[in-house]
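Beneath this line is the structure, given in structure tokens, with notes to follow.
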Number of protein chains: 2
Amino acid sequence: MLPVPTIQAFMPPRRILMGPGPSDVYPEVLAAQSRPTIGHLDPLFVGMMDELKSLIQYAFQTKNEMTLAVSAPGSAGMETCFVNLVEPGEKVIVCRNGVFGERMRQNVERVGGVAVVVDNEWGEPVCPDKVEAALVAHPDAKFLAFVHAETSTGALSDAKTLCTLAQLHDCISIVDAVTSLGGVELLVDEWGIDAIYSGSQKCLSCVPGLSPVSFSPKAVAKLKARTTQVQSWFLDQTLVMGYWGNGNGAKRSYHHTAPVNALYALHESLRLLANEGLENAWARHRKMHLLLRDGLTKLGLKFVVEEASRLPQLNTVYIPDGVDDAAVRKHLLEEYNLEIGAGLGALAGKAWRIGLMGYGARRENVSLCLHALEESLNQN
Amino acid sequence: MLPVPTIQAFMPPRRILMGPGPSDVYPEVLAAQSRPTIGHLDPLFVGMMDELKSLIQYAFQTKNEMTLAVSAPGSAGMETCFVNLVEPGEKVIVCRNGVFGERMRQNVERVGGVAVVVDNEWGEPVCPDKVEAALVAHPDAKFLAFVHAETSTGALSDAKTLCTLAQLHDCISIVDAVTSLGGVELLVDEWGIDAIYSGSQKCLSCVPGLSPVSFSPKAVAKLKARTTQVQSWFLDQTLVMGYWGNGNGAKRSYHHTAPVNALYALHESLRLLANEGLENAWARHRKMHLLLRDGLTKLGLKFVVEEASRLPQLNTVYIPDGVDDAAVRKHLLEEYNLEIGAGLGALAGKAWRIGLMGYGARRENVSLCLHALEESLNQN
């Protein structure tokens, strides 16, 4: 037998999470998550799942029957969309203006699809004219995929216009709403979004690890018309829906053991969102963003993204010349228990990402962040 | 805007979980899970992950460097093994003696592999002679895949002998240890297991949603020698290890946002297992099983599995003639808050599965279960 490792209980400090996610979790959500585990086929649990489904539908503003939480993080939600919908050889227009558009392209490649990439600069939104040109140039494209709120840059793209273009060109739209859901306007049915995924750990202020996903009837029809098997067993929605329910009242069948306690947490976080009201939550994110923006501007920090397409919930600013990126972030973490995000990909070492997500979008956080940043920059 | 759903906070009852999993979660694990969320790249979190890795290594009895928790349930752990190791066209001997062997076969098919199925009856262990015959008949087979503890039947297979056969025939072994880990002897390095996965929600008594996985150096070499891309982005271990660490001290890079709080929970449950000691935990499961077995036998219930290959942590018994399966389970759940498992697949409606897993393997549970079952059977 190997030696027994001697390890103490892990006692994390209380951080203030103002990075690109995970965000600060609502205390009610942590409490909900720690309630007793019950069976994944317990009638009471199935009832909770039905409520959860209606809460996800509300958050997405959709009546889509195929709406659920994937039992894994947002990256698995992304893969759920591509792996179920795109068949080998099918063409996908992929918009790339940051890390997550590129990740979409990799997903297309891994399912054997053909990606046609529409590039925009990091920090820019997706340009609808470029997308339209690509749709015209590729009449055989079956999908348009883009990121609503780019977590790597803080840019918001015009999902409504892009989905209208997709419809005009008879494409199914696949939308990354990991950072947008709950933080900015998002109207799945009204905008005609076909497949959408998000994450629990951003503006929902739930624990990380789950991915709300919704497919429109058009996306479901595409899935049902597949001539090839979905390459992932775990993410195969035709199997998963046997557990989440097809809305036909049929008995739920076991697929995998649901992450019971994490689903309690998501239920609670979405319930808090519903109680606040989506429009109020969007307005709160906007209000806190304006306060933060004014303060950051006073500190002489410049935004990476133009005002018109700036995400309220994710503020990306250039690191001033001569300032030590890692030293400032370390100082904030160690002295203030405050986490802000490093730059990612093309912005690594060049920018910070300051999140105001969900429960984190509060005046006290804006205030602390501005004060601590000012002190750190002066000290640095 | 859609109407706001009016939903109350979900207050689950306190059940006693004696089904096939999830099992009763240790109170300390629920407490650990509800500690404050910190960032997935926070240095303190990375330190916790290193400890968690050593705890998983201890539980598996392995020194394998590629040891981690997949951020999704056991089914995703299964898929992690097949999707990373098996390339299209490669032959896999798959042993099938229940639901999960069949699921392995489906995984092989979905990655484009060629499955050669070795069947045993439901309730029987995998027969080494049959496996040897298949290995001889298929010298081009590259893998041997089997389930150590079949959750659908309660049968324990002889993993040591099967892995020795795999080695003799130059095959990589892929082992399902979802229900075995922590409940019965399992020695990954000593037995020469190459790829293994488990689940958090069985004998570890952690919340459901995570899958401990380990690859031997031979499995890692196979992964590195791939000529095709791993078809899943989310489960691609070459990417995931950039986050979990390759043991080279390199800075961790973001892959996906880890399920932070669930990992706290797994850390705590494995710490409790280490504190108890693996051999003591195995002995406790065995002791409680013998008590339960004697009681069930007194009630006239017959085991599906022969004594020699019976799992202590999962006791499958035939439902007596004339007894209403669903009515009894409903009665136990509603009157005693006691969950026992229904039969699955070929045993649906024919057997019950009574779990004694992890924290659930206690004398008070055995006692309650026997008493409540007796009352229910008499009443029925």
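How things are named: the first chain in the structure tokens is A, the next is B, and so on; residues count from 1 in each chain; ligands count from 1 in the order shown.
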
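The protein and nucleic acid residues lying at most 12 Å from Ala346 in chain A are A:Asn97, A:Gly98, A:Val99, A:Glu102, A:Glu121, A:Trp122, A:Gly123, A:Ser152, A:Thr153, A:Val304, A:Ala351, with only C-alpha atoms considered and sequence neighbours fewer than 5 positions away removed.
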
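Sharing one sequence, chain A and chain B superpose at an RMSD of 0.0 Å, with all Cα atoms paired in order.
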
Based on only C-alpha atoms, which of the residues in chain A come within 6 Å of chain B? I want them as a PyMOL selection string.
chain A and resi 14+30+34+36+72+76+110+208-209+231+234+259

Restricting it to all heavy atoms, dump the selection as a short mmCIF file (atom, residue, chain, number, x, y, z; two decimals), in the first residue's frame.
data_model
loop_
_atom_site.label_atom_id
_atom_site.label_comp_id
_atom_site.auth_asym_id
_atom_site.auth_seq_id
_atom_site.Cartn_x
_atom_site.Cartn_y
_atom_site.Cartn_z
N ARG A 14 -12.00 34.10 1.94
CA ARG A 14 -13.14 34.75 1.30
C ARG A 14 -12.61 35.80 0.32
O ARG A 14 -12.20 36.88 0.72
CB ARG A 14 -14.04 35.40 2.36
CG ARG A 14 -15.31 36.02 1.80
CD ARG A 14 -16.27 36.41 2.92
NE ARG A 14 -16.79 35.24 3.59
CZ ARG A 14 -17.79 34.48 3.13
NH1 ARG A 14 -18.37 34.77 1.99
NH2 ARG A 14 -18.19 33.43 3.81
N LEU A 30 -24.89 29.05 -2.21
CA LEU A 30 -24.02 28.13 -1.47
C LEU A 30 -24.84 27.35 -0.44
O LEU A 30 -24.62 26.15 -0.23
CB LEU A 30 -22.89 28.90 -0.77
CG LEU A 30 -21.77 29.43 -1.67
CD1 LEU A 30 -20.77 30.22 -0.84
CD2 LEU A 30 -21.07 28.30 -2.42
N SER A 34 -25.67 23.05 -0.36
CA SER A 34 -25.24 22.17 0.72
C SER A 34 -26.41 21.44 1.36
O SER A 34 -26.25 20.76 2.37
CB SER A 34 -24.47 22.97 1.77
OG SER A 34 -25.33 23.86 2.41
N PRO A 36 -29.26 18.44 1.71
CA PRO A 36 -28.99 17.00 1.57
C PRO A 36 -29.16 16.50 0.14
O PRO A 36 -30.13 16.85 -0.54
CB PRO A 36 -30.05 16.37 2.49
CG PRO A 36 -30.48 17.44 3.43
CD PRO A 36 -30.31 18.73 2.72
N ALA A 72 -21.89 19.71 -16.85
CA ALA A 72 -20.47 20.01 -17.02
C ALA A 72 -20.36 21.49 -17.38
O ALA A 72 -21.36 22.13 -17.70
CB ALA A 72 -19.88 19.11 -18.11
N ALA A 76 -18.29 22.36 -22.17
CA ALA A 76 -19.05 21.18 -22.55
C ALA A 76 -20.40 21.59 -23.16
O ALA A 76 -20.93 20.88 -24.02
CB ALA A 76 -19.26 20.27 -21.35
N ARG A 110 -13.24 19.30 -34.82
CA ARG A 110 -13.25 18.01 -34.12
C ARG A 110 -14.50 17.17 -34.40
O ARG A 110 -14.47 15.97 -34.21
CB ARG A 110 -13.04 18.22 -32.62
CG ARG A 110 -11.61 18.65 -32.31
CD ARG A 110 -11.36 18.77 -30.82
NE ARG A 110 -10.09 19.45 -30.58
CZ ARG A 110 -9.13 18.99 -29.77
NH1 ARG A 110 -9.29 17.87 -29.12
NH2 ARG A 110 -8.01 19.68 -29.61
N PRO A 208 -19.36 27.21 -10.30
CA PRO A 208 -18.98 26.76 -11.65
C PRO A 208 -19.26 25.27 -11.83
O PRO A 208 -19.23 24.52 -10.86
CB PRO A 208 -17.47 27.01 -11.70
CG PRO A 208 -17.04 27.55 -10.40
CD PRO A 208 -18.20 27.56 -9.46
N GLY A 209 -19.52 24.88 -13.08
CA GLY A 209 -19.63 23.46 -13.38
C GLY A 209 -20.83 23.03 -14.18
O GLY A 209 -20.94 21.86 -14.55
N GLN A 231 -21.18 11.87 -31.94
CA GLN A 231 -19.94 11.18 -31.58
C GLN A 231 -19.69 11.10 -30.07
O GLN A 231 -18.88 10.30 -29.62
CB GLN A 231 -18.74 11.79 -32.31
CG GLN A 231 -18.33 13.16 -31.82
CD GLN A 231 -17.23 13.76 -32.69
OE1 GLN A 231 -17.03 13.36 -33.83
NE2 GLN A 231 -16.51 14.72 -32.14
N PHE A 234 -21.88 10.94 -23.88
CA PHE A 234 -22.23 11.74 -22.71
C PHE A 234 -23.07 12.97 -23.09
O PHE A 234 -23.96 13.37 -22.36
CB PHE A 234 -20.95 12.16 -21.98
CG PHE A 234 -21.17 13.09 -20.81
CD1 PHE A 234 -21.98 12.72 -19.75
CD2 PHE A 234 -20.56 14.34 -20.78
CE1 PHE A 234 -22.18 13.58 -18.67
CE2 PHE A 234 -20.76 15.20 -19.71
CZ PHE A 234 -21.56 14.82 -18.65
N PRO A 259 -25.54 15.91 -11.42
CA PRO A 259 -24.82 16.57 -10.32
C PRO A 259 -25.84 17.25 -9.41
O PRO A 259 -26.07 18.45 -9.49
CB PRO A 259 -23.92 17.58 -11.05
CG PRO A 259 -24.60 17.84 -12.36
CD PRO A 259 -25.41 16.63 -12.70
#

Looking only at alpha helix (DSSP H) from DSSP on the backbone, list the matching residues of range 9-44 of chain A as a ChimeraX atom specification.
/A:27-33,43-44

Export all heavy atoms of the chosen residues as a PDB file, in the first residue's frame?
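As written to disk, again.pdb reads:
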ATOM      1  N   PRO A  27     -24.766  33.967  -1.420  1.00  0.00           N
ATOM      2  CA  PRO A  27     -24.786  33.123  -0.207  1.00  0.00           C
ATOM      3  C   PRO A  27     -25.948  32.127  -0.228  1.00  0.00           C
ATOM      4  O   PRO A  27     -25.801  30.978   0.200  1.00  0.00           O
ATOM      5  CB  PRO A  27     -24.957  34.138   0.930  1.00  0.00           C
ATOM      6  CG  PRO A  27     -24.511  35.448   0.366  1.00  0.00           C
ATOM      7  CD  PRO A  27     -24.762  35.401  -1.104  1.00  0.00           C
ATOM      8  N   GLU A  28     -27.079  32.550  -0.761  1.00  0.00           N
ATOM      9  CA  GLU A  28     -28.245  31.643  -0.825  1.00  0.00           C
ATOM     10  C   GLU A  28     -27.962  30.438  -1.703  1.00  0.00           C
ATOM     11  O   GLU A  28     -28.529  29.360  -1.509  1.00  0.00           O
ATOM     12  CB  GLU A  28     -29.467  32.383  -1.392  1.00  0.00           C
ATOM     13  CG  GLU A  28     -29.981  33.537  -0.529  1.00  0.00           C
ATOM     14  CD  GLU A  28     -29.364  34.885  -0.900  1.00  0.00           C
ATOM     15  OE1 GLU A  28     -28.195  34.926  -1.365  1.00  0.00           O
ATOM     16  OE2 GLU A  28     -30.045  35.907  -0.722  1.00  0.00           O
ATOM     17  N   VAL A  29     -27.114  30.650  -2.705  1.00  0.00           N
ATOM     18  CA  VAL A  29     -26.791  29.562  -3.630  1.00  0.00           C
ATOM     19  C   VAL A  29     -25.871  28.542  -2.952  1.00  0.00           C
ATOM     20  O   VAL A  29     -26.068  27.329  -3.074  1.00  0.00           O
ATOM     21  CB  VAL A  29     -26.160  30.127  -4.919  1.00  0.00           C
ATOM     22  CG1 VAL A  29     -25.563  29.023  -5.780  1.00  0.00           C
ATOM     23  CG2 VAL A  29     -27.204  30.918  -5.712  1.00  0.00           C
ATOM     24  N   LEU A  30     -24.891  29.047  -2.215  1.00  0.00           N
ATOM     25  CA  LEU A  30     -24.019  28.129  -1.467  1.00  0.00           C
ATOM     26  C   LEU A  30     -24.840  27.347  -0.444  1.00  0.00           C
ATOM     27  O   LEU A  30     -24.617  26.148  -0.235  1.00  0.00           O
ATOM     28  CB  LEU A  30     -22.892  28.895  -0.766  1.00  0.00           C
ATOM     29  CG  LEU A  30     -21.772  29.426  -1.668  1.00  0.00           C
ATOM     30  CD1 LEU A  30     -20.766  30.219  -0.843  1.00  0.00           C
ATOM     31  CD2 LEU A  30     -21.065  28.302  -2.417  1.00  0.00           C
ATOM     32  N   ALA A  31     -25.805  28.017   0.167  1.00  0.00           N
ATOM     33  CA  ALA A  31     -26.657  27.332   1.148  1.00  0.00           C
ATOM     34  C   ALA A  31     -27.509  26.265   0.464  1.00  0.00           C
ATOM     35  O   ALA A  31     -27.637  25.140   0.960  1.00  0.00           O
ATOM     36  CB  ALA A  31     -27.540  28.348   1.873  1.00  0.00           C
ATOM     37  N   ALA A  32     -28.069  26.614  -0.682  1.00  0.00           N
ATOM     38  CA  ALA A  32     -28.920  25.655  -1.404  1.00  0.00           C
ATOM     39  C   ALA A  32     -28.122  24.414  -1.786  1.00  0.00           C
ATOM     40  O   ALA A  32     -28.592  23.278  -1.678  1.00  0.00           O
ATOM     41  CB  ALA A  32     -29.506  26.304  -2.657  1.00  0.00           C
ATOM     42  N   GLN A  33     -26.894  24.652  -2.213  1.00  0.00           N
ATOM     43  CA  GLN A  33     -26.050  23.563  -2.693  1.00  0.00           C
ATOM     44  C   GLN A  33     -25.690  22.577  -1.584  1.00  0.00           C
ATOM     45  O   GLN A  33     -25.427  21.405  -1.850  1.00  0.00           O
ATOM     46  CB  GLN A  33     -24.779  24.186  -3.273  1.00  0.00           C
ATOM     47  CG  GLN A  33     -23.926  23.200  -3.978  1.00  0.00           C
ATOM     48  CD  GLN A  33     -22.525  23.746  -4.173  1.00  0.00           C
ATOM     49  OE1 GLN A  33     -22.143  24.753  -3.599  1.00  0.00           O
ATOM     50  NE2 GLN A  33     -21.766  23.098  -4.984  1.00  0.00           N
ATOM     51  N   PRO A  43     -38.717  11.369  -7.109  1.00  0.00           N
ATOM     52  CA  PRO A  43     -39.783  12.203  -7.693  1.00  0.00           C
ATOM     53  C   PRO A  43     -39.641  13.685  -7.312  1.00  0.00           C
ATOM     54  O   PRO A  43     -39.948  14.561  -8.130  1.00  0.00           O
ATOM     55  CB  PRO A  43     -41.063  11.621  -7.092  1.00  0.00           C
ATOM     56  CG  PRO A  43     -40.706  10.244  -6.646  1.00  0.00           C
ATOM     57  CD  PRO A  43     -39.240  10.221  -6.364  1.00  0.00           C
ATOM     58  N   LEU A  44     -39.172  13.958  -6.116  1.00  0.00           N
ATOM     59  CA  LEU A  44     -38.999  15.358  -5.710  1.00  0.00           C
ATOM     60  C   LEU A  44     -37.873  16.020  -6.501  1.00  0.00           C
ATOM     61  O   LEU A  44     -37.937  17.210  -6.823  1.00  0.00           O
ATOM     62  CB  LEU A  44     -38.705  15.451  -4.207  1.00  0.00           C
ATOM     63  CG  LEU A  44     -39.848  14.971  -3.295  1.00  0.00           C
ATOM     64  CD1 LEU A  44     -39.426  15.041  -1.828  1.00  0.00           C
ATOM     65  CD2 LEU A  44     -41.111  15.802  -3.527  1.00  0.00           C
TER      66      LEU A  44
END

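When only C-alpha atoms are used to measure the gap to Thr151 in chain B, the shortest distance among B:Leu299, B:Ala177, B:Cys163, B:Leu332 belongs to B:Ala177.
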
From the list B:Gly322, B:Gly300, B:Pro128, B:Pro312, the nearest residue to Gly355 in chain B using only C-alpha atoms is B:Pro312

What's the separation between CA of Ile56 in chain A and CA of Cys95 in chain A, in Å to one decimal place?
25.7 Å

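With only C-alpha atoms as the atoms that count, the minimum distance from Ser216 in chain A to the choices A:Cys81, A:Val117, A:Ala159, A:Val94 is reached by A:Cys81.
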
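Using only C-alpha atoms for every distance, the candidate list B:Met49, B:Leu356, B:Val220, B:Ala348 yields B:Leu356 as the residue closest to Val184 in chain B.
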
So which bits of range 27-98 of chain A end up strand (DSSP E or B) when you DSSP the backbone, as number ranges by chain?
A: 66-70, 91-96

Just write the chosen residues, N, CA, C and O atoms, as an mmCIF file, in the first residue's frame.
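What follows is the written file result_13.cif:
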data_model
loop_
_atom_site.group_PDB
_atom_site.id
_atom_site.type_symbol
_atom_site.label_atom_id
_atom_site.label_comp_id
_atom_site.auth_asym_id
_atom_site.auth_seq_id
_atom_site.Cartn_x
_atom_site.Cartn_y
_atom_site.Cartn_z
ATOM 1 N N MET A 66 -36.515 21.792 -25.606
ATOM 2 C CA MET A 66 -35.203 21.204 -25.315
ATOM 3 C C MET A 66 -34.315 22.248 -24.633
ATOM 4 O O MET A 66 -33.474 22.894 -25.253
ATOM 5 N N THR A 67 -34.559 22.401 -23.350
ATOM 6 C CA THR A 67 -33.841 23.375 -22.523
ATOM 7 C C THR A 67 -33.432 22.654 -21.251
ATOM 8 O O THR A 67 -34.278 22.031 -20.610
ATOM 9 N N LEU A 68 -32.169 22.728 -20.919
ATOM 10 C CA LEU A 68 -31.671 21.968 -19.763
ATOM 11 C C LEU A 68 -30.316 22.508 -19.333
ATOM 12 O O LEU A 68 -29.794 23.453 -19.938
ATOM 13 N N ALA A 69 -29.777 21.906 -18.298
ATOM 14 C CA ALA A 69 -28.413 22.239 -17.871
ATOM 15 C C ALA A 69 -27.526 21.030 -18.150
ATOM 16 O O ALA A 69 -27.779 19.937 -17.625
ATOM 17 N N VAL A 70 -26.519 21.216 -18.992
ATOM 18 C CA VAL A 70 -25.535 20.164 -19.220
ATOM 19 C C VAL A 70 -24.754 19.970 -17.916
ATOM 20 O O VAL A 70 -24.411 20.952 -17.244
ATOM 21 N N LYS A 91 -20.737 22.631 -43.414
ATOM 22 C CA LYS A 91 -19.991 23.890 -43.349
ATOM 23 C C LYS A 91 -20.581 24.826 -42.294
ATOM 24 O O LYS A 91 -21.796 25.013 -42.214
ATOM 25 N N VAL A 92 -19.688 25.420 -41.515
ATOM 26 C CA VAL A 92 -20.082 26.333 -40.434
ATOM 27 C C VAL A 92 -19.320 27.644 -40.598
ATOM 28 O O VAL A 92 -18.085 27.640 -40.663
ATOM 29 N N ILE A 93 -20.055 28.748 -40.661
ATOM 30 C CA ILE A 93 -19.394 30.058 -40.619
ATOM 31 C C ILE A 93 -19.114 30.352 -39.149
ATOM 32 O O ILE A 93 -20.056 30.428 -38.342
ATOM 33 N N VAL A 94 -17.851 30.494 -38.818
ATOM 34 C CA VAL A 94 -17.472 30.742 -37.417
ATOM 35 C C VAL A 94 -16.871 32.144 -37.296
ATOM 36 O O VAL A 94 -15.898 32.465 -37.979
ATOM 37 N N CYS A 95 -17.465 32.932 -36.438
ATOM 38 C CA CYS A 95 -16.958 34.291 -36.217
ATOM 39 C C CYS A 95 -15.925 34.245 -35.094
ATOM 40 O O CYS A 95 -16.194 33.684 -34.033
ATOM 41 N N ARG A 96 -14.774 34.843 -35.372
ATOM 42 C CA ARG A 96 -13.681 34.752 -34.396
ATOM 43 C C ARG A 96 -13.163 36.138 -34.052
ATOM 44 O O ARG A 96 -12.549 36.806 -34.878
#

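You can rank B:Ser198, B:Gln313, B:Gln379, B:Ser173 by their closest distance to Leu144 in chain B using only C-alpha atoms, and at the top of that list sits B:Ser173.
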
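You can rank B:Thr179, B:Glu306, B:Val317, B:Gly345 by their closest distance to Ser253 in chain A using only C-alpha atoms, and at the top of that list sits B:Gly345.
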
In Å and to one decimal, CA of Gly101 in chain A is distant from CA of Asn84 in chain A by 18.2 Å

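Here CA of Glu307 in chain A stands at a distance of 16.7 Å from CA of Trp282 in chain A.
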